[in-house]
file data_27.csv (CSV, C-alpha atoms)
chain,number,residue,atom,x,y,z
A,6,MET,CA,-10.2,16.2,-34.8
A,7,PRO,CA,-7.1,14.2,-35.9
A,8,THR,CA,-7.4,10.4,-36.0
A,9,ALA,CA,-5.6,8.7,-33.1
A,10,LYS,CA,-2.7,6.6,-34.3
A,11,LYS,CA,-1.3,5.4,-30.9
A,12,ALA,CA,-2.9,3.0,-28.4
A,13,LEU,CA,-2.8,3.4,-24.6
A,14,ILE,CA,-4.1,0.2,-23.1
A,15,PHE,CA,-5.2,0.1,-19.5
A,16,PHE,CA,-5.7,-3.2,-17.6
A,17,ALA,CA,-8.5,-3.0,-15.0
A,18,ARG,CA,-10.7,-5.2,-12.9
A,19,VAL,CA,-14.3,-4.5,-11.8
A,20,PRO,CA,-13.7,-3.1,-8.2
A,21,LYS,CA,-16.1,-5.5,-6.5
A,22,PRO,CA,-15.4,-6.1,-2.8
A,23,GLY,CA,-13.3,-9.3,-2.3
A,24,ARG,CA,-12.3,-9.5,-6.0
A,25,THR,CA,-9.8,-6.6,-6.4
A,26,LYS,CA,-6.8,-5.3,-4.5
A,27,THR,CA,-6.9,-8.5,-2.4
A,28,ARG,CA,-3.4,-7.9,-1.1
A,29,LEU,CA,-4.8,-5.0,0.9
A,30,LEU,CA,-6.8,-7.6,2.9
A,31,PRO,CA,-7.1,-8.1,5.8
A,32,ASP,CA,-5.6,-4.7,6.6
A,33,LEU,CA,-8.6,-3.2,4.8
A,34,SER,CA,-12.1,-4.7,4.5
A,35,PRO,CA,-13.2,-6.0,1.1
A,36,ASP,CA,-15.4,-2.9,0.7
A,37,GLN,CA,-12.6,-0.5,1.5
A,38,ALA,CA,-10.2,-2.3,-0.9
A,39,GLY,CA,-12.9,-2.0,-3.6
A,40,ARG,CA,-13.2,1.7,-3.0
A,41,VAL,CA,-9.5,2.2,-3.3
A,42,ALA,CA,-9.4,0.2,-6.5
A,43,GLN,CA,-12.2,2.3,-8.0
A,44,ALA,CA,-10.6,5.6,-7.0
A,45,LEU,CA,-7.3,4.5,-8.6
A,46,ILE,CA,-9.0,3.7,-11.9
A,47,LEU,CA,-10.8,7.0,-12.0
A,48,ASP,CA,-7.7,9.1,-11.2
A,49,THR,CA,-5.6,7.2,-13.8
A,50,LEU,CA,-8.3,7.8,-16.5
A,51,ASN,CA,-8.7,11.4,-15.5
A,52,ALA,CA,-5.0,12.1,-15.6
A,53,THR,CA,-4.6,10.7,-19.1
A,54,ALA,CA,-7.7,12.3,-20.6
A,55,LEU,CA,-5.9,15.1,-22.5
A,56,LEU,CA,-3.3,13.0,-24.2
A,57,LYS,CA,-3.2,14.0,-27.9
A,58,GLY,CA,-3.4,11.5,-30.8
A,59,VAL,CA,-4.0,8.6,-28.5
A,60,LYS,CA,-6.8,6.1,-28.5
A,61,ARG,CA,-7.4,4.8,-24.9
A,62,ILE,CA,-8.3,1.2,-24.7
A,63,LEU,CA,-9.6,-0.5,-21.5
A,64,ALA,CA,-8.8,-4.2,-21.3
A,65,CYS,CA,-11.6,-5.6,-19.1
A,66,ASP,CA,-10.9,-8.5,-16.7
A,67,SER,CA,-14.4,-10.1,-16.9
A,68,THR,CA,-16.4,-8.8,-19.8
A,69,ARG,CA,-16.5,-5.5,-21.5
A,70,ARG,CA,-20.3,-5.7,-21.2
A,71,ASP,CA,-20.1,-5.2,-17.4
A,72,PRO,CA,-22.0,-2.0,-16.4
A,73,PHE,CA,-19.0,-0.6,-14.6
A,74,PHE,CA,-16.8,-0.8,-17.7
A,75,LYS,CA,-19.6,0.5,-20.0
A,76,GLY,CA,-20.0,3.5,-17.6
A,77,LEU,CA,-16.2,4.2,-17.9
A,78,ALA,CA,-16.4,4.0,-21.7
A,79,ASP,CA,-19.2,6.5,-21.8
A,80,ARG,CA,-17.6,8.9,-19.3
A,81,PHE,CA,-14.0,8.8,-20.7
A,82,GLY,CA,-14.5,7.9,-24.3
A,83,LEU,CA,-12.7,4.5,-24.1
A,84,THR,CA,-12.7,1.6,-26.4
A,85,LEU,CA,-13.4,-1.6,-24.5
A,86,ILE,CA,-11.8,-5.0,-25.2
A,87,ASP,CA,-11.9,-8.2,-23.1
A,88,GLN,CA,-8.7,-9.5,-21.5
A,89,GLU,CA,-8.0,-12.9,-23.2
A,90,GLY,CA,-5.5,-15.5,-22.0
A,91,SER,CA,-4.6,-17.8,-19.2
A,92,ASN,CA,-2.0,-15.5,-17.5
A,93,LEU,CA,-1.0,-11.8,-17.5
A,94,GLY,CA,1.5,-12.3,-20.3
A,95,ASP,CA,-1.0,-13.9,-22.6
A,96,ARG,CA,-3.5,-11.1,-21.8
A,97,MET,CA,-1.0,-8.3,-22.5
A,98,ARG,CA,0.2,-10.0,-25.7
A,99,ASN,CA,-3.4,-10.3,-27.0
A,100,ALA,CA,-4.3,-6.8,-26.0
A,101,ILE,CA,-1.3,-5.3,-27.9
A,102,ALA,CA,-2.1,-7.5,-30.9
A,103,GLU,CA,-5.7,-6.2,-30.9
A,104,ALA,CA,-4.5,-2.6,-30.9
A,105,PHE,CA,-2.3,-3.4,-33.9
A,106,ARG,CA,-5.4,-5.0,-35.6
A,107,LEU,CA,-7.2,-1.8,-35.0
A,108,GLY,CA,-4.5,0.1,-37.0
A,109,LEU,CA,-2.9,1.6,-33.9
A,110,ASP,CA,0.9,1.7,-33.6
A,111,PRO,CA,2.8,2.1,-31.3
A,112,ALA,CA,1.0,0.5,-28.3
A,113,VAL,CA,1.6,1.1,-24.6
A,114,VAL,CA,0.2,-0.9,-21.7
A,115,VAL,CA,-0.2,0.5,-18.2
A,116,GLY,CA,-2.0,-0.5,-15.1
A,117,THR,CA,-4.7,1.5,-13.3
A,118,ASP,CA,-3.0,1.7,-9.9
A,119,LEU,CA,-0.5,4.5,-10.8
A,120,PRO,CA,-2.3,7.6,-9.7
A,121,THR,CA,0.9,9.7,-9.3
A,122,LEU,CA,2.7,8.6,-12.5
A,123,PRO,CA,3.5,11.7,-14.4
A,124,VAL,CA,1.7,11.8,-17.8
A,125,ALA,CA,5.0,12.9,-19.2
A,126,SER,CA,6.4,9.4,-18.6
A,127,ILE,CA,3.7,8.0,-20.9
A,128,GLN,CA,4.4,10.7,-23.5
A,129,ASP,CA,8.1,9.8,-23.3
A,130,ALA,CA,7.3,6.1,-23.8
A,131,PHE,CA,5.5,7.0,-27.1
A,132,LYS,CA,8.3,9.3,-28.1
A,133,GLN,CA,10.8,6.6,-27.7
A,134,LEU,CA,8.7,4.1,-29.7
A,135,GLU,CA,8.4,6.5,-32.5
A,136,LYS,CA,12.1,6.5,-33.0
A,137,ARG,CA,12.2,3.8,-35.7
A,138,SER,CA,15.3,1.6,-35.9
A,139,GLN,CA,16.4,-1.7,-37.4
A,140,THR,CA,15.4,-3.7,-34.4
A,141,PRO,CA,11.8,-3.6,-33.0
A,142,PRO,CA,11.7,-0.8,-30.4
A,143,LEU,CA,10.5,-1.6,-26.9
A,144,VAL,CA,10.0,0.6,-23.8
A,145,LEU,CA,9.7,-0.7,-20.2
A,146,GLY,CA,8.9,1.1,-17.0
A,147,PRO,CA,10.4,-0.9,-14.1
A,148,SER,CA,8.5,-0.8,-10.8
A,149,THR,CA,9.9,-0.9,-7.3
A,150,ASP,CA,8.3,-4.3,-6.5
A,151,GLY,CA,10.4,-6.2,-9.1
A,152,GLY,CA,7.9,-6.0,-11.9
A,153,TYR,CA,7.1,-3.3,-14.4
A,154,TYR,CA,4.3,-0.7,-14.5
A,155,LEU,CA,4.5,0.0,-18.3
A,156,ILE,CA,5.4,-1.8,-21.4
A,157,GLY,CA,5.2,-0.5,-25.0
A,158,CYS,CA,6.2,-1.6,-28.4
A,159,SER,CA,6.0,-0.7,-32.1
A,160,GLY,CA,5.8,-2.8,-35.3
A,161,SER,CA,5.2,-6.2,-33.7
A,162,VAL,CA,4.4,-7.9,-30.4
A,163,PRO,CA,7.7,-8.6,-28.7
A,164,PRO,CA,8.6,-12.1,-27.5
A,165,VAL,CA,8.8,-11.1,-23.9
A,166,PHE,CA,5.6,-12.6,-22.3
A,167,ASP,CA,6.5,-16.3,-22.1
A,168,GLY,CA,8.4,-18.0,-19.3
A,169,ILE,CA,7.7,-15.2,-16.8
A,170,ASP,CA,6.8,-15.9,-13.1
A,171,TRP,CA,3.9,-13.4,-13.1
A,172,GLY,CA,3.1,-11.8,-9.7
A,173,THR,CA,6.6,-12.3,-8.3
A,174,GLU,CA,9.6,-10.1,-7.8
A,175,ARG,CA,11.4,-11.8,-10.6
A,176,VAL,CA,9.2,-10.4,-13.4
A,177,LEU,CA,11.5,-7.6,-14.3
A,178,GLU,CA,14.7,-9.7,-14.1
A,179,GLN,CA,13.2,-12.4,-16.3
A,180,THR,CA,11.8,-9.9,-18.8
A,181,LEU,CA,15.1,-8.2,-19.2
A,182,ALA,CA,16.7,-11.6,-19.8
A,183,ARG,CA,14.3,-12.3,-22.6
A,184,ILE,CA,14.8,-8.8,-24.1
A,185,ALA,CA,18.6,-9.4,-24.2
A,186,ASN,CA,18.2,-12.9,-25.7
A,187,ASN,CA,16.0,-11.5,-28.5
A,188,ASP,CA,18.2,-8.5,-29.2
A,189,LEU,CA,15.4,-5.9,-28.8
A,190,ASN,CA,16.0,-2.2,-28.8
A,191,LEU,CA,15.1,-1.4,-25.2
A,192,THR,CA,14.5,2.0,-23.6
A,193,LEU,CA,14.1,2.0,-19.8
A,194,LEU,CA,11.9,4.6,-18.1
A,195,PRO,CA,12.5,5.8,-14.5
A,196,PHE,CA,11.5,3.5,-11.7
A,197,TRP,CA,8.0,4.1,-10.3
A,198,TYR,CA,5.7,2.4,-7.8
A,199,ASP,CA,2.2,0.9,-7.9
A,200,VAL,CA,-0.2,0.2,-5.1
A,201,ASP,CA,-0.7,-3.3,-3.9
A,202,ARG,CA,-0.2,-3.5,-0.1
A,203,LEU,CA,-0.9,-1.3,3.0
A,204,GLN,CA,2.6,0.1,3.0
A,205,ASP,CA,2.1,1.2,-0.6
A,206,LEU,CA,-1.0,3.0,0.4
A,207,ARG,CA,0.8,4.7,3.3
A,208,PHE,CA,3.6,5.8,0.9
A,209,LEU,CA,1.0,7.0,-1.7
A,210,SER,CA,-0.8,9.1,1.0
A,211,GLU,CA,2.5,10.8,1.9
A,212,HIS,CA,3.3,11.3,-1.7
A,213,LEU,CA,0.0,12.9,-2.5
A,214,ARG,CA,0.3,15.3,0.4
A,215,TYR,CA,3.8,16.3,-0.8
A,216,LEU,CA,2.6,16.8,-4.4
A,217,GLU,CA,-0.2,19.0,-3.2
A,218,ARG,CA,2.1,21.2,-1.1
A,219,LYS,CA,4.6,21.4,-4.1
A,220,THR,CA,2.1,22.2,-6.8
A,221,GLY,CA,-0.7,23.8,-4.9
A,222,LYS,CA,-3.2,21.4,-6.7
A,223,SER,CA,-4.9,18.3,-5.6
A,224,VAL,CA,-3.3,15.3,-7.4
A,225,ALA,CA,-5.4,12.1,-7.8
A,226,PRO,CA,-8.3,13.7,-5.9
A,227,GLU,CA,-10.5,10.6,-5.9
A,228,THR,CA,-7.8,8.5,-4.3
A,229,ALA,CA,-6.9,11.3,-1.8
A,230,ARG,CA,-10.5,11.5,-0.7
A,231,VAL,CA,-10.7,7.7,-0.2
A,232,LEU,CA,-7.4,7.6,1.7
A,233,LYS,CA,-8.6,10.4,4.0
A,234,MET,CA,-11.8,8.6,4.7
A,235,LEU,CA,-9.8,5.4,5.5
A,236,ASP,CA,-7.7,7.2,8.1
A,237,LEU,CA,-4.5,5.1,7.5
A,238,ASP,CA,-2.9,6.3,10.7
A,239,ALA,CA,-5.4,4.4,12.6
A,240,LEU,CA,-4.8,1.1,10.8

call {"tool": "encode", "arguments": {"input": "data_27.csv", "output": "structure tokens"}}
result
Amino acid sequence: MPTAKKALIFFARVPKPGRTKTRLLPDLSPDQAGRVAQALILDTLNATALLKGVKRILACDSTRRDPFFKGLADRFGLTLIDQEGSNLGDRMRNAIAEAFRLGLDPAVVVGTDLPTLPVASIQDAFKQLEKRSQTPPLVLGPSTDGGYYLIGCSGSVPPVFDGIDWGTERVLEQTLARIANNDLNLTLLPFWYDVDRLQDLRFLSEHLRYLERKTGKSVAPETARVLKMLDLDAL
């Protein structure tokens, strides 16, 4: 089997009730929000399982020794690392640097709440990063909430993680400004959406039904099962 040369880094939290997907509260109970979070993680990992030449790394929010993360590593063949840093920018910077230390380049970071994101978008991100140029290549997947769902780079960690108001709708705007100021070679992917609030879950539920009708296959089956059990129409 060929040695993986590229890194796909997922950021995830242990789906414990009350500690994850808290913006779904109080519309959902802590236990329901935890079930949604776990389903999103499982579907994201399942969808990317067949990517070729890619080492999948799971950046763990608490400790990589947590039984939940160890179970995922065994099931999906993941490399586990701890998230390190005082904010999301620090944690992403350190995770990418760790991938480079492992000899992996390019590196792409994604969340685990993108169950309908086409795998082709991740493949395209790597393809763009492998087009070497005089300036460090960078790829960004903007999200509909004003942030981004994917960031990838090659050669070095880009200076785009400082001075950002993480968790706000200004993340993308501020990141693009830093990219322009540092003359980075940016490729933008299509807009996509992640899942944070009840309205996102409703949209996701409709999208999953549409995709199943279109393709004849169940997309994100774990998430679809949990959403059916929640009966969103009754909320």

call {"tool": "residues_around", "arguments": {"input": "data_27.csv", "residues": "Ser34 (chain A)", "least_positions_apart": "4", "cutoff": "9 Å", "atoms": "only C-alpha atoms", "output": "PyMOL selection string"}}
result
chain A and resi 22-23+29-30+38-39

call {"tool": "residues_around", "arguments": {"input": "data_27.csv", "residues": "Leu237 (chain A)", "least_positions_apart": "2", "cutoff": "10 Å", "atoms": "all atoms listed in the file", "output": "PDB file with C-alpha atoms, in the frame of the given file"}}
result
ATOM      1  CA  ASP A  32      -5.600  -4.700   6.600  1.00  0.00           C
ATOM      2  CA  LEU A  33      -8.600  -3.200   4.800  1.00  0.00           C
ATOM      3  CA  LEU A 203      -0.900  -1.300   3.000  1.00  0.00           C
ATOM      4  CA  GLN A 204       2.600   0.100   3.000  1.00  0.00           C
ATOM      5  CA  LEU A 206      -1.000   3.000   0.400  1.00  0.00           C
ATOM      6  CA  ARG A 207       0.800   4.700   3.300  1.00  0.00           C
ATOM      7  CA  SER A 210      -0.800   9.100   1.000  1.00  0.00           C
ATOM      8  CA  LEU A 232      -7.400   7.600   1.700  1.00  0.00           C
ATOM      9  CA  LYS A 233      -8.600  10.400   4.000  1.00  0.00           C
ATOM     10  CA  MET A 234     -11.800   8.600   4.700  1.00  0.00           C
ATOM     11  CA  LEU A 235      -9.800   5.400   5.500  1.00  0.00           C
ATOM     12  CA  ALA A 239      -5.400   4.400  12.600  1.00  0.00           C
ATOM     13  CA  LEU A 240      -4.800   1.100  10.800  1.00  0.00           C
TER      14      LEU A 240
END

call {"tool": "atom_distance", "arguments": {"input": "data_27.csv", "atom1": "CA of Asn99 (chain A)", "atom2": "CA of Gln43 (chain A)"}}
result
24.4 Å

call {"tool": "residues_near_point", "arguments": {"input": "data_27.csv", "point": "(12.6, 4.8, -7.8)", "cutoff": "10 Å", "atoms": "all atoms listed in the file", "output": "list in words"}}
result
Pro147, Ser148, Thr149, Pro195, Phe196, Trp197 and Tyr198 of chain A

call {"tool": "closest_residue", "arguments": {"input": "data_27.csv", "among": "A:Arg96, A:Arg70, A:Arg61, A:Lys26", "to": "Trp171 (chain A)", "atoms": "only C-alpha atoms"}}
result
A:Arg96

call {"tool": "atom_distance", "arguments": {"input": "data_27.csv", "atom1": "CA of Gln179 (chain A)", "atom2": "CA of Thr121 (chain A)"}}
result
26.2 Å

call {"tool": "atom_distance", "arguments": {"input": "data_27.csv", "atom1": "CA of Glu217 (chain A)", "atom2": "CA of Pro120 (chain A)"}}
result
13.3 Å

call {"tool": "closest_residue", "arguments": {"input": "data_27.csv", "among": "A:Thr25, A:Thr192, A:Asn187, A:Ser161", "to": "Arg98 (chain A)", "atoms": "all atoms listed in the file"}}
result
A:Ser161

call {"tool": "closest_residue", "arguments": {"input": "data_27.csv", "among": "A:Ile14, A:Val165, A:Ala182, A:Leu177", "to": "Thr117 (chain A)", "atoms": "all atoms listed in the file"}}
result
A:Ile14

call {"tool": "closest_residue", "arguments": {"input": "data_27.csv", "among": "A:Glu174, A:Leu13, A:Thr68, A:Arg214", "to": "Glu103 (chain A)", "atoms": "all atoms listed in the file"}}
result
A:Leu13

call {"tool": "closest_residue", "arguments": {"input": "data_27.csv", "among": "A:Ala17, A:Leu50, A:Leu194, A:Leu209", "to": "Phe74 (chain A)", "atoms": "only C-alpha atoms"}}
result
A:Ala17

call {"tool": "closest_residue", "arguments": {"input": "data_27.csv", "among": "A:Tyr215, A:Phe166, A:Tyr154, A:Phe16", "to": "Ile46 (chain A)", "atoms": "all atoms listed in the file"}}
result
A:Phe16

call {"tool": "axis_aligned_box", "arguments": {"input": "data_27.csv", "around": "region 32-44 of chain A", "padding_each_side": "6 Å", "output": "lines of an AutoDock Vina configuration file"}}
result
center_x = -10.5
center_y = -0.2
center_z = -0.7
size_x = 21.8
size_y = 23.6
size_z = 26.6

call {"tool": "residues_around", "arguments": {"input": "data_27.csv", "residues": "Ser126 (chain A)", "least_positions_apart": "3", "cutoff": "10 Å", "atoms": "all atoms listed in the file", "output": "ChimeraX atom specification"}}
result
/A:122-123,129-132,146,155,194-195,197

call {"tool": "decode", "arguments": {"input": "data_27.csv", "residues": "region 193-212 of chain A", "atoms": "N, CA and C atoms", "output": "mmCIF file, in the first residue's frame"}}
result
data_model
loop_
_atom_site.group_PDB
_atom_site.id
_atom_site.type_symbol
_atom_site.label_atom_id
_atom_site.label_comp_id
_atom_site.auth_asym_id
_atom_site.auth_seq_id
_atom_site.Cartn_x
_atom_site.Cartn_y
_atom_site.Cartn_z
ATOM 1 N N LEU A 193 -10.397 29.620 -3.640
ATOM 2 C CA LEU A 193 -11.641 29.508 -2.892
ATOM 3 C C LEU A 193 -12.471 28.345 -3.433
ATOM 4 N N LEU A 194 -12.943 27.513 -2.534
ATOM 5 C CA LEU A 194 -13.869 26.441 -2.886
ATOM 6 C C LEU A 194 -15.294 26.986 -2.860
ATOM 7 N N PRO A 195 -16.267 26.230 -3.352
ATOM 8 C CA PRO A 195 -17.664 26.685 -3.278
ATOM 9 C C PRO A 195 -18.121 26.845 -1.825
ATOM 10 N N PHE A 196 -19.082 27.727 -1.620
ATOM 11 C CA PHE A 196 -19.703 27.871 -0.305
ATOM 12 C C PHE A 196 -20.367 26.552 0.097
ATOM 13 N N TRP A 197 -20.331 26.262 1.401
ATOM 14 C CA TRP A 197 -21.059 25.118 1.948
ATOM 15 C C TRP A 197 -21.587 25.518 3.319
ATOM 16 N N TYR A 198 -22.245 24.607 3.974
ATOM 17 C CA TYR A 198 -22.847 24.919 5.277
ATOM 18 C C TYR A 198 -22.433 23.869 6.297
ATOM 19 N N ASP A 199 -22.367 24.296 7.553
ATOM 20 C CA ASP A 199 -22.165 23.346 8.637
ATOM 21 C C ASP A 199 -23.413 23.368 9.514
ATOM 22 N N VAL A 200 -23.374 22.621 10.590
ATOM 23 C CA VAL A 200 -24.576 22.424 11.401
ATOM 24 C C VAL A 200 -24.312 22.912 12.817
ATOM 25 N N ASP A 201 -24.961 24.017 13.189
ATOM 26 C CA ASP A 201 -24.787 24.574 14.524
ATOM 27 C C ASP A 201 -26.102 24.786 15.258
ATOM 28 N N ARG A 202 -27.139 25.193 14.531
ATOM 29 C CA ARG A 202 -28.402 25.572 15.164
ATOM 30 C C ARG A 202 -29.549 24.742 14.614
ATOM 31 N N LEU A 203 -30.733 24.913 15.241
ATOM 32 C CA LEU A 203 -31.892 24.118 14.841
ATOM 33 C C LEU A 203 -32.239 24.350 13.377
ATOM 34 N N GLN A 204 -32.154 25.591 12.900
ATOM 35 C CA GLN A 204 -32.479 25.843 11.504
ATOM 36 C C GLN A 204 -31.514 25.124 10.565
ATOM 37 N N ASP A 205 -30.258 24.949 11.011
ATOM 38 C CA ASP A 205 -29.296 24.182 10.213
ATOM 39 C C ASP A 205 -29.706 22.719 10.141
ATOM 40 N N LEU A 206 -30.195 22.187 11.260
ATOM 41 C CA LEU A 206 -30.656 20.797 11.273
ATOM 42 C C LEU A 206 -31.850 20.614 10.346
ATOM 43 N N ARG A 207 -32.757 21.580 10.353
ATOM 44 C CA ARG A 207 -33.923 21.480 9.473
ATOM 45 C C ARG A 207 -33.489 21.479 8.007
ATOM 46 N N PHE A 208 -32.570 22.391 7.671
ATOM 47 C CA PHE A 208 -32.066 22.435 6.295
ATOM 48 C C PHE A 208 -31.364 21.135 5.935
ATOM 49 N N LEU A 209 -30.548 20.629 6.851
ATOM 50 C CA LEU A 209 -29.840 19.380 6.614
ATOM 51 C C LEU A 209 -30.812 18.233 6.372
ATOM 52 N N SER A 210 -31.869 18.167 7.156
ATOM 53 C CA SER A 210 -32.852 17.101 6.994
ATOM 54 C C SER A 210 -33.470 17.134 5.601
ATOM 55 N N GLU A 211 -33.837 18.336 5.129
ATOM 56 C CA GLU A 211 -34.401 18.470 3.787
ATOM 57 C C GLU A 211 -33.367 18.102 2.726
ATOM 58 N N HIS A 212 -32.124 18.524 2.941
ATOM 59 C CA HIS A 212 -31.061 18.228 1.980
ATOM 60 C C HIS A 212 -30.822 16.723 1.875
#
